[in-house]
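The structure file coords36.txt is reproduced below (compact mmCIF, C-alpha atoms and all ligand atoms).
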```txt
# COMPACT_ATOMS: atom_id res chain seq x y z
CA MET A 155 54.04 174.45 31.07
CA THR A 156 56.41 172.64 33.40
CA SER A 157 53.96 169.83 34.13
CA GLY A 158 53.15 169.44 30.44
CA LYS A 159 56.83 168.99 29.65
CA THR A 160 57.23 166.45 32.46
CA THR A 161 54.32 164.39 31.15
CA HIS A 162 55.84 164.49 27.70
CA VAL A 163 59.23 163.34 28.97
CA ARG A 164 57.56 160.62 31.00
CA ARG A 165 55.67 159.41 27.95
CA ILE A 166 58.91 159.17 26.00
CA ARG A 167 60.50 157.30 28.88
CA TYR A 168 57.65 154.77 29.05
CA GLY A 169 57.93 154.34 25.31
CA LEU A 170 61.65 153.63 25.56
CA TRP A 171 61.16 151.17 28.38
CA PHE A 172 58.51 149.41 26.32
CA LEU A 173 60.95 149.08 23.40
CA VAL A 174 63.74 147.85 25.67
CA THR A 175 61.43 145.24 27.19
CA ILE A 176 60.30 143.99 23.79
CA ALA A 177 63.92 143.84 22.60
CA ALA A 178 64.94 141.90 25.72
CA LEU A 179 62.10 139.43 25.23
CA VAL A 180 62.94 138.90 21.56
CA ILE A 181 66.68 138.44 22.14
CA GLY A 182 66.12 136.31 25.24
CA GLY A 183 63.57 134.19 23.43
CA ALA A 184 65.88 133.66 20.47
CA TYR A 185 68.70 132.64 22.81
CA PHE A 186 66.41 130.27 24.70
CA VAL A 187 65.21 128.61 21.51
CA ARG A 188 68.75 128.29 20.22
CA THR A 189 70.08 126.79 23.45
CA ILE A 190 67.27 124.25 23.67
CA GLY A 191 67.48 123.49 19.99
CA VAL A 192 71.22 122.95 19.73
CA ARG A 193 71.68 120.81 22.90
CA GLU A 194 75.29 121.68 23.43
CA PRO A 195 77.36 119.05 25.23
CA PRO A 196 77.93 119.95 28.91
CA SER A 197 81.72 120.04 28.52
CA VAL A 198 81.45 123.33 26.66
CA THR A 199 80.15 125.17 29.69
CA THR A 200 82.62 123.80 32.25
CA GLY A 201 86.33 123.78 31.47
CA GLU A 202 86.75 121.68 34.58
CA ALA A 203 85.29 118.67 32.86
CA ALA A 204 88.43 118.63 30.73
CA ILE A 205 90.71 118.20 33.75
CA ARG A 206 92.25 114.74 33.75
CA SER A 207 94.82 113.03 35.90
CA GLU A 208 97.45 111.78 33.44
CA PHE A 209 101.15 111.71 34.13
CA SER A 210 104.33 109.66 34.02
CA LEU A 211 106.70 111.03 36.65
CA ILE A 212 109.28 110.03 39.28
CA ASP A 213 108.21 109.94 42.93
CA HIS A 214 110.38 111.18 45.79
CA ASN A 215 111.70 107.65 46.32
CA GLY A 216 112.96 107.54 42.74
CA ASN A 217 110.24 105.23 41.36
CA ARG A 218 108.45 105.87 38.08
CA VAL A 219 104.74 106.36 38.70
CA THR A 220 101.67 107.13 36.63
CA GLU A 221 98.12 108.09 37.52
CA ALA A 222 97.31 104.36 37.67
CA ASP A 223 99.42 104.02 40.83
CA PHE A 224 97.02 106.32 42.68
CA LEU A 225 93.71 104.93 41.43
CA GLY A 226 91.47 103.58 44.17
CA ARG A 227 92.29 106.52 46.42
CA TRP A 228 90.95 110.05 46.43
CA GLN A 229 93.76 112.27 45.20
CA LEU A 230 94.59 115.77 46.37
CA VAL A 231 96.94 117.25 43.80
CA PHE A 232 98.89 120.49 44.06
CA PHE A 233 101.53 121.92 41.72
CA GLY A 234 104.35 124.16 42.99
CA PHE A 235 108.10 124.29 43.60
CA THR A 236 110.40 124.00 46.58
CA HIS A 237 112.01 127.42 46.11
CA CYS A 238 108.61 129.06 46.61
CA PRO A 239 108.65 131.10 49.84
CA ASP A 240 104.97 131.82 50.21
CA VAL A 241 102.14 130.12 48.33
CA CYS A 242 103.63 126.60 48.29
CA PRO A 243 104.57 126.26 51.97
CA THR A 244 101.27 127.91 52.90
CA THR A 245 99.26 125.51 50.75
CA LEU A 246 101.22 122.38 51.66
CA ALA A 247 100.96 123.18 55.37
CA TYR A 248 97.23 123.62 54.80
CA MET A 249 97.00 120.28 52.98
CA ALA A 250 98.85 118.62 55.87
CA ASN A 251 96.37 120.21 58.25
CA VAL A 252 93.47 118.84 56.17
CA LEU A 253 95.04 115.35 56.13
CA ASP A 254 95.41 115.39 59.91
CA ARG A 255 91.66 115.91 60.17
CA PHE A 256 90.80 112.79 58.16
CA GLY A 257 91.70 110.44 61.03
CA GLY A 258 91.79 106.83 59.81
CA GLU A 259 90.19 107.86 56.50
CA VAL A 260 93.55 109.33 55.48
CA GLU A 261 94.41 105.84 54.14
CA ARG A 262 91.84 106.39 51.39
CA VAL A 263 93.58 109.60 50.26
CA ALA A 264 96.69 110.19 48.16
CA PRO A 265 98.09 113.70 48.63
CA ILE A 266 100.40 114.59 45.75
CA PHE A 267 102.75 117.54 45.23
CA ILE A 268 104.02 117.92 41.65
CA THR A 269 106.92 120.29 41.02
CA VAL A 270 106.84 122.77 38.15
CA ASP A 271 110.60 123.32 38.62
CA PRO A 272 112.01 119.83 37.91
CA SER A 273 115.55 120.97 37.05
CA ARG A 274 116.08 121.95 40.68
CA ASP A 275 113.52 119.71 42.35
CA THR A 276 115.15 116.32 41.98
CA PRO A 277 113.65 113.25 43.73
CA GLU A 278 116.12 113.75 46.62
CA VAL A 279 115.09 117.40 47.07
CA MET A 280 111.42 116.45 46.84
CA ALA A 281 111.90 113.71 49.48
CA GLU A 282 113.31 116.12 52.02
CA TYR A 283 110.71 118.74 51.20
CA VAL A 284 107.50 116.68 51.29
CA GLN A 285 108.51 114.83 54.46
CA ALA A 286 108.77 118.15 56.27
CA PHE A 287 105.05 118.69 55.66
CA HIS A 288 103.36 115.31 56.02
CA PRO A 289 104.46 111.65 56.04
CA LYS A 290 101.71 110.78 53.51
CA LEU A 291 102.62 113.51 51.03
CA VAL A 292 104.04 112.19 47.76
CA GLY A 293 106.40 114.42 45.77
CA LEU A 294 106.55 113.98 41.99
CA THR A 295 109.09 115.29 39.51
CA GLY A 296 110.40 114.32 36.07
CA SER A 297 111.71 115.79 32.85
CA GLU A 298 110.58 119.26 31.82
CA ALA A 299 108.41 117.64 29.15
CA ALA A 300 106.85 115.12 31.54
CA VAL A 301 106.02 117.87 34.05
CA ALA A 302 104.57 120.05 31.30
CA ALA A 303 102.38 117.14 30.15
CA ALA A 304 101.16 116.52 33.72
CA ALA A 305 100.33 120.20 34.21
CA GLN A 306 98.56 120.22 30.85
CA SER A 307 96.34 117.28 31.85
CA PHE A 308 95.32 119.10 35.04
CA ARG A 309 94.96 122.39 33.13
CA VAL A 310 97.52 123.93 35.48
CA TYR A 311 99.32 127.04 34.32
CA TYR A 312 102.91 127.84 35.29
CA GLU A 313 105.68 129.99 33.92
CA ARG A 314 109.28 130.88 34.58
CA MET A 315 109.89 134.51 35.56
CA GLU A 316 113.39 135.93 35.29
CA GLU A 317 114.34 137.67 38.54
CA GLU A 318 118.02 138.42 38.87
CA THR A 319 118.10 138.56 42.66
CA ALA A 320 116.32 135.21 43.09
CA PRO A 321 118.36 132.01 43.52
CA ASP A 322 119.55 130.89 40.04
CA GLY A 323 118.01 134.06 38.63
CA TYR A 324 114.39 132.97 38.33
CA LEU A 325 111.11 132.35 40.09
CA MET A 326 108.14 130.29 39.02
CA ALA A 327 104.58 131.57 38.89
CA HIS A 328 101.89 128.93 39.16
CA SER A 329 98.23 128.45 39.96
CA GLY A 330 97.49 127.75 43.60
CA HIS A 331 94.69 125.20 43.28
CA ILE A 332 94.36 121.90 45.10
CA TYR A 333 92.58 119.42 42.83
CA LEU A 334 90.38 116.73 44.31
CA MET A 335 90.22 113.73 42.00
CA THR A 336 87.99 110.68 42.50
CA PRO A 337 89.37 107.15 43.03
CA GLU A 338 88.66 106.63 39.30
CA GLY A 339 90.93 109.59 38.50
CA ARG A 340 88.16 111.95 37.47
CA PHE A 341 87.97 115.58 38.43
CA GLU A 342 85.78 116.18 41.48
CA ASP A 343 86.49 119.71 42.67
CA VAL A 344 89.09 122.37 43.21
CA PHE A 345 90.01 124.07 46.50
CA ARG A 346 92.12 127.04 47.42
CA GLU A 347 93.78 127.48 50.77
CA ALA A 348 92.41 130.98 51.28
CA ASP A 349 88.79 129.98 50.60
CA GLN A 350 87.94 127.86 53.64
CA SER A 351 89.47 126.57 56.85
CA ALA A 352 91.30 123.23 56.85
CA GLU A 353 88.47 121.86 58.99
CA ASP A 354 85.83 122.92 56.45
CA MET A 355 87.76 121.43 53.56
CA ALA A 356 88.28 118.15 55.45
CA VAL A 357 84.54 117.93 56.21
CA ASP A 358 83.69 118.68 52.57
CA VAL A 359 86.11 116.09 51.17
CA LEU A 360 85.06 113.42 53.70
CA ALA A 361 81.41 113.96 52.77
CA ARG A 362 82.21 113.30 49.11
CA MET A 363 84.34 110.28 50.00
CA ASN A 364 81.38 108.87 51.84
CA GLY A 365 78.97 109.67 49.02
CA LYS A 366 77.08 112.44 50.77
CA MET B 85 91.38 174.00 75.64
CA MET B 86 92.73 171.94 78.52
CA LYS B 87 90.46 169.06 77.53
CA ILE B 88 91.80 169.12 73.98
CA LEU B 89 95.37 169.12 75.25
CA ILE B 90 94.67 166.15 77.50
CA ALA B 91 93.03 164.34 74.61
CA ILE B 92 96.07 164.92 72.42
CA VAL B 93 98.44 163.73 75.12
CA VAL B 94 96.33 160.62 75.74
CA ALA B 95 96.16 159.89 72.01
CA LEU B 96 99.93 160.26 71.68
CA TRP B 97 100.54 157.94 74.62
CA ALA B 98 98.10 155.38 73.31
CA GLY B 99 99.85 155.32 69.95
CA ALA B 100 103.37 155.26 71.29
CA SER B 101 105.45 152.18 72.01
CA PRO B 102 107.01 151.93 75.45
CA THR B 103 110.54 152.50 74.14
CA LEU B 104 110.17 155.51 71.88
CA ALA B 105 107.35 157.88 72.77
CA GLU B 106 107.98 160.14 69.78
CA GLU B 107 108.14 157.49 67.03
CA SER B 108 105.66 157.81 64.21
CA VAL B 109 106.04 154.39 62.58
CA ARG B 110 105.27 151.17 64.42
CA VAL B 111 106.40 147.80 63.18
CA SER B 112 104.89 144.84 65.01
CA ASP B 113 104.21 141.09 64.85
CA ALA B 114 107.30 140.35 62.76
CA TRP B 115 107.63 136.65 61.97
CA ALA B 116 109.00 134.26 59.39
CA ARG B 117 108.42 130.63 58.56
CA ALA B 118 111.18 128.20 59.37
CA SER B 119 113.20 127.01 56.38
CA VAL B 120 112.17 123.65 54.98
CA LEU B 121 115.37 123.23 52.97
CA ALA B 122 118.68 125.10 52.99
CA SER B 123 119.37 127.90 50.50
CA ARG B 124 115.67 128.53 49.81
CA PRO B 125 114.18 132.02 50.02
CA VAL B 126 112.07 132.60 53.11
CA ALA B 127 109.12 134.96 53.48
CA SER B 128 108.82 137.24 56.46
CA TYR B 129 105.66 139.05 57.52
CA LEU B 130 104.83 141.98 59.79
CA THR B 131 102.49 144.87 60.41
CA ILE B 132 103.34 148.53 59.78
CA GLU B 133 101.36 151.47 61.11
CA SER B 134 102.26 155.11 60.93
CA ALA B 135 100.80 158.26 62.44
CA VAL B 136 102.12 160.26 59.50
CA GLU B 137 102.62 159.38 55.87
CA ASP B 138 105.88 157.55 55.30
CA ARG B 139 107.56 155.19 52.89
CA LEU B 140 109.49 151.96 53.41
CA LEU B 141 112.65 152.27 51.34
CA GLY B 142 114.48 149.06 52.09
CA VAL B 143 115.03 146.15 54.45
CA THR B 144 118.20 144.45 55.64
CA THR B 145 119.03 141.59 57.97
CA PRO B 146 122.34 139.97 58.90
CA VAL B 147 120.88 136.50 58.19
CA ALA B 148 120.19 137.13 54.49
CA GLY B 149 122.19 138.58 51.64
CA HIS B 150 119.24 140.41 50.21
CA VAL B 151 115.69 141.32 51.23
CA MET B 152 113.02 142.27 48.71
CA ILE B 153 109.59 143.74 49.22
CA HIS B 154 107.22 141.50 47.27
CA ALA B 155 103.59 142.04 46.46
CA VAL B 156 101.49 139.19 45.09
CA GLU B 157 99.46 139.82 41.98
CA LYS B 158 96.55 137.53 41.32
CA ASP B 159 95.91 136.86 37.66
CA GLY B 160 92.95 134.49 37.59
CA ASP B 161 94.13 131.56 39.67
CA VAL B 162 97.83 132.31 39.08
CA SER B 163 99.76 134.20 41.75
CA ARG B 164 102.81 136.17 40.68
CA MET B 165 105.26 137.75 43.08
CA LYS B 166 106.04 141.28 42.08
CA HIS B 167 109.08 143.15 43.32
CA ILE B 168 108.16 146.61 44.61
CA GLU B 169 110.86 149.20 45.13
CA THR B 170 109.26 151.16 47.95
CA LEU B 171 106.14 150.66 50.02
CA GLU B 172 103.88 153.63 50.74
CA VAL B 173 102.65 153.85 54.32
CA PRO B 174 99.60 156.13 54.33
CA THR B 175 98.63 158.03 57.47
CA GLY B 176 96.77 155.95 60.01
CA GLU B 177 96.55 152.87 57.83
CA ARG B 178 97.58 149.45 59.03
CA ILE B 179 99.55 147.50 56.48
CA THR B 180 99.66 143.79 57.21
CA LEU B 181 102.03 141.55 55.33
CA ALA B 182 100.65 138.01 55.52
CA PRO B 183 100.91 134.59 53.80
CA GLY B 184 99.49 134.56 50.30
CA GLY B 185 100.05 138.30 49.98
CA MET B 186 102.70 140.92 50.46
CA HIS B 187 105.89 139.71 52.13
CA LEU B 188 109.52 140.51 52.69
CA MET B 189 111.48 137.91 50.79
CA LEU B 190 114.79 136.93 52.35
CA MET B 191 117.27 135.62 49.80
CA GLY B 192 120.81 134.38 50.13
CA LEU B 193 120.33 132.99 53.63
CA GLN B 194 123.53 131.95 55.36
CA ASP B 195 121.79 129.16 57.28
CA LYS B 196 118.39 127.55 57.59
CA LEU B 197 116.02 129.49 59.82
CA SER B 198 115.06 127.24 62.70
CA GLU B 199 111.75 127.30 64.51
CA GLY B 200 111.90 128.98 67.90
CA THR B 201 114.79 131.29 67.05
CA THR B 202 114.70 135.02 66.31
CA PHE B 203 116.77 137.33 64.13
CA PRO B 204 117.01 141.11 63.78
CA MET B 205 115.69 142.92 60.72
CA THR B 206 116.09 146.62 59.96
CA LEU B 207 113.49 148.56 58.01
CA SER B 208 114.49 151.94 56.56
CA PHE B 209 111.76 154.55 56.30
CA GLU B 210 111.99 157.83 54.45
CA ASN B 211 110.91 159.90 57.46
CA ALA B 212 111.10 157.66 60.50
CA GLY B 213 114.58 156.40 59.66
CA GLU B 214 115.74 152.93 60.63
CA ILE B 215 113.61 150.67 62.79
CA THR B 216 115.00 147.32 63.91
CA VAL B 217 112.66 144.53 64.97
CA GLU B 218 113.21 140.98 66.19
CA VAL B 219 111.63 138.47 63.84
CA SER B 220 110.27 135.27 65.40
CA VAL B 221 110.85 132.12 63.39
CA LEU B 222 107.68 130.02 63.59
CA GLY B 223 106.99 126.48 62.36
CA ILE B 224 106.63 125.68 58.66
CA ALA B 225 102.87 125.32 59.09
CA ALA B 226 102.44 128.66 60.90
CA GLU B 227 99.82 130.97 59.49
CA GLY B 228 100.51 133.97 61.69
CA PRO B 229 102.12 135.24 64.86
CA ARG B 230 98.93 134.95 66.92
CA GLU B 231 99.09 131.16 67.16
CA VAL B 232 102.22 131.40 69.29
CA SER B 233 100.65 133.44 72.04
CA GLU B 234 97.69 131.07 72.32
CU CU A 401 104.44 128.40 45.05
CU CU A 402 108.52 136.82 47.18
```
Would it be possible to restate this file's structure as structure tokens?
Ligand SMILES: [Cu+2]
Ligand SMILES: [Cu+2]
Amino acid sequence: MTSGKTTHVRRIRYGLWFLVTIAALVIGGAYFVRTIGVREPPSVTTGEAAIRSEFSLIDHNGNRVTEADFLGRWQLVFFGFTHCPDVCPTTLAYMANVLDRFGGEVERVAPIFITVDPSRDTPEVMAEYVQAFHPKLVGLTGSEAAVAAAAQSFRVYYERMEEETAPDGYLMAHSGHIYLMTPEGRFEDVFREADQSAEDMAVDVLARMNGK
Amino acid sequence: MMKILIAIVVALWAGASPTLAEESVRVSDAWARASVLASRPVASYLTIESAVEDRLLGVTTPVAGHVMIHAVEKDGDVSRMKHIETLEVPTGERITLAPGGMHLMLMGLQDKLSEGTTFPMTLSFENAGEITVEVSVLGIAAEGPREVSE
């Protein structure tokens, strides 16, 4: 009685598995055929392909610069703001650490810090701030619209958060990525401070700079 | 019975700091990054451990007008600082405030914090009361208090 029931249940289970397998094959097959047939452009699968380096901003010496001024060098680009107590100093100190590991190759690199808080981060403020981290670091600021356009081209998100106890009553939230752009200004990769040591990032970036 | 008593005494001694043998909450490795620019908020980090459940109610320091407990919420690749009113300290758990995560945010600083200096900070706990620690000001590139001792 008990064993007969078990066999019956087992038979139903095998039957169900058979149906599931057939369904999976049919759906999978249809998907495969569709994918092959349609030949979607690669940009659809990676949002990163849409990241471009395009901006018209003011550097920390007060000069107007665009992406063209940095072509020919590998660019490390990070967005943040000088009132940030945690992520920005952590990331910029990390970037400085990476730069120190490039040795003479550092001349082939342009490290760039773009503020998302331009009303407070004037060129003078940016000058004092970036120089505290690394002599090679370039600080960029501009009008709210120019900064928004730059962030848009890098697909960087930022927002103003009202916080009454913060200086001037607000904080900025922003993504913490360091973008590596090629000397032609194309997107190469994205790094985050927490993901690898400065040494590992330096080795990785140097390998790409030397075509490995 | 005697063995158990000895074990308890040893455990208590092991967990106690040299100054206050009866304290339940331990605050250690308090540090802050030096200010890069004046009048900017500064983050301070430390480790809290407690033998019994407790709650951090507030933090004060003479160097800042206001101290907030901030957690960091990750939303995709965006980090948002979130003000938390009180911080639960569960029994036996070690809570480490560190860069990129939870921190004590010092706002309204009277002066820049300079590397190599220290300042007092008082943490108020629901059960343990007030605990004052000396916070070491490390360089702007510091990642933690351990680098100093090396
Ligand atoms: Cu930041
Ligand atoms: Cu904060």
With all atoms listed in the file as the atoms that count, which of A:His237, A:Arg340, A:Arg262, A:Lys290 lies nearest to chain B? A:His237
With ligand CU 402 (chain A) as the partner and 9 Å as the cut-off, tabulate the residues of chain B that qualify, each row holding the nearest pair of atoms and their distance in Å to one decimal, using only C-alpha atoms and all ligand atoms, sorted by chain and rising number, as a Markdown table.
```
| residue | atom | partner | partner_atom | distance |
| --- | --- | --- | --- | --- |
| B:Pro125 | CA | A:CU402 | CU | 7.9 |
| B:Val126 | CA | A:CU402 | CU | 8.1 |
| B:Ala127 | CA | A:CU402 | CU | 6.6 |
| B:Met152 | CA | A:CU402 | CU | 7.2 |
| B:Ile153 | CA | A:CU402 | CU | 7.3 |
| B:His154 | CA | A:CU402 | CU | 4.9 |
| B:Ala155 | CA | A:CU402 | CU | 7.2 |
| B:Val156 | CA | A:CU402 | CU | 7.7 |
| B:Arg164 | CA | A:CU402 | CU | 8.7 |
| B:Met165 | CA | A:CU402 | CU | 5.3 |
| B:Lys166 | CA | A:CU402 | CU | 7.2 |
| B:His167 | CA | A:CU402 | CU | 7.4 |
| B:Met186 | CA | A:CU402 | CU | 7.8 |
| B:His187 | CA | A:CU402 | CU | 6.3 |
| B:Leu188 | CA | A:CU402 | CU | 6.7 |
| B:Met189 | CA | A:CU402 | CU | 4.8 |
| B:Leu190 | CA | A:CU402 | CU | 8.1 |
```
Please produce, as a tab-separated table, a per-residue contact table for chain A versus chain B (criterion: any atom at most 10 Å away, all atoms listed in the file considered), showing the nearest atom pair and its distance in Å to one decimal, sorted by chain then residue number.
```
residue	atom	partner	partner_atom	distance
A:Thr236	CA	B:Arg124	CA	7.7
A:His237	CA	B:Arg124	CA	5.3
A:Cys238	CA	B:Pro125	CA	7.2
A:Pro239	CA	B:Val126	CA	5.0
A:Asp240	CA	B:Pro183	CA	6.1
A:Val241	CA	B:Gly184	CA	5.5
A:Cys242	CA	B:Gly184	CA	9.2
A:Pro243	CA	B:Ile224	CA	7.0
A:Thr244	CA	B:Pro183	CA	6.7
A:Thr245	CA	B:Gly184	CA	9.1
A:Leu246	CA	B:Ala225	CA	8.2
A:Ala247	CA	B:Ala225	CA	4.7
A:Tyr248	CA	B:Ala225	CA	7.3
A:Met249	CA	B:Ala225	CA	9.9
A:Ala250	CA	B:Ala225	CA	8.5
A:Asn251	CA	B:Ala225	CA	8.3
A:Val279	CA	B:Leu121	CA	8.3
A:Met280	CA	B:Leu121	CA	10.0
A:Glu282	CA	B:Leu121	CA	7.5
A:Tyr283	CA	B:Val120	CA	6.4
A:Val284	CA	B:Val120	CA	9.2
A:Gln285	CA	B:Val120	CA	9.6
A:Ala286	CA	B:Val120	CA	6.6
A:Phe287	CA	B:Ile224	CA	7.8
A:Val310	CA	B:Val162	CA	9.1
A:Tyr311	CA	B:Val162	CA	7.3
A:Tyr312	CA	B:Val162	CA	7.8
A:Glu313	CA	B:Arg164	CA	9.6
A:Met315	CA	B:Arg164	CA	8.9
A:Glu317	CA	B:His167	CA	9.0
A:Thr319	CA	B:Met191	CA	7.8
A:Ala320	CA	B:Met191	CA	6.8
A:Pro321	CA	B:Met191	CA	7.3
A:Leu325	CA	B:Met165	CA	8.5
A:Met326	CA	B:Arg164	CA	8.1
A:Ala327	CA	B:Arg164	CA	5.2
A:His328	CA	B:Val162	CA	5.3
A:Ser329	CA	B:Val162	CA	4.0
A:Gly330	CA	B:Asp161	CA	6.4
A:His331	CA	B:Asp161	CA	7.3
A:Arg346	CA	B:Asp161	CA	9.2
A:Glu347	CA	B:Gly184	CA	9.1
A:Ala348	CA	B:Gly184	CA	8.0
```
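A straight line drawn from CA of Leu130 in chain B to CA of Phe345 in chain A is 26.8 Å long.
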May I ask for the distance between CA of Ile268 in chain A and CA of Val231 in chain A, given in Å to one decimal place? 7.4 Å
Which residues of range 221-327 of chain A come within 10 Å of range 358-362 of chain A, and what is each one's closest atom pair and distance in Å (one decimal), counting only C-alpha atoms, sorted by chain and residue number, as a tab-separated table?
```
residue	atom	partner	partner_atom	distance
A:Trp228	CA	A:Val359	CA	9.1
A:Leu230	CA	A:Val359	CA	9.7
A:Val252	CA	A:Val359	CA	9.3
A:Arg255	CA	A:Leu360	CA	9.6
A:Phe256	CA	A:Leu360	CA	7.3
A:Glu259	CA	A:Leu360	CA	8.1
A:Val260	CA	A:Leu360	CA	9.6
A:Val263	CA	A:Val359	CA	9.9
```
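One finds CA of His214 in chain A at 13.1 Å from CA of His288 in chain A.
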Which residues are close to range 204-213 of chain A, i.e. within 7 Å by all atoms listed in the file, leaving aside same-chain residues fewer than 4 positions away? Reply as a VMD selection string. chain A and resid 217 to 221 277 292 to 296 300 303 to 304 307 to 309 339 to 341
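Distance annotation: of A:Glu338, A:Asp271, A:Asp223, A:Glu318, the residue with the minimal separation from Ala305 in chain A is A:Asp271; atom set is all atoms listed in the file.
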Min atom-atom distance to ligand CU 401 (chain A) from the set A:Leu225, A:Val344, A:Val270, A:Met355, counting only C-alpha atoms and all ligand atoms, belongs to A:Val270
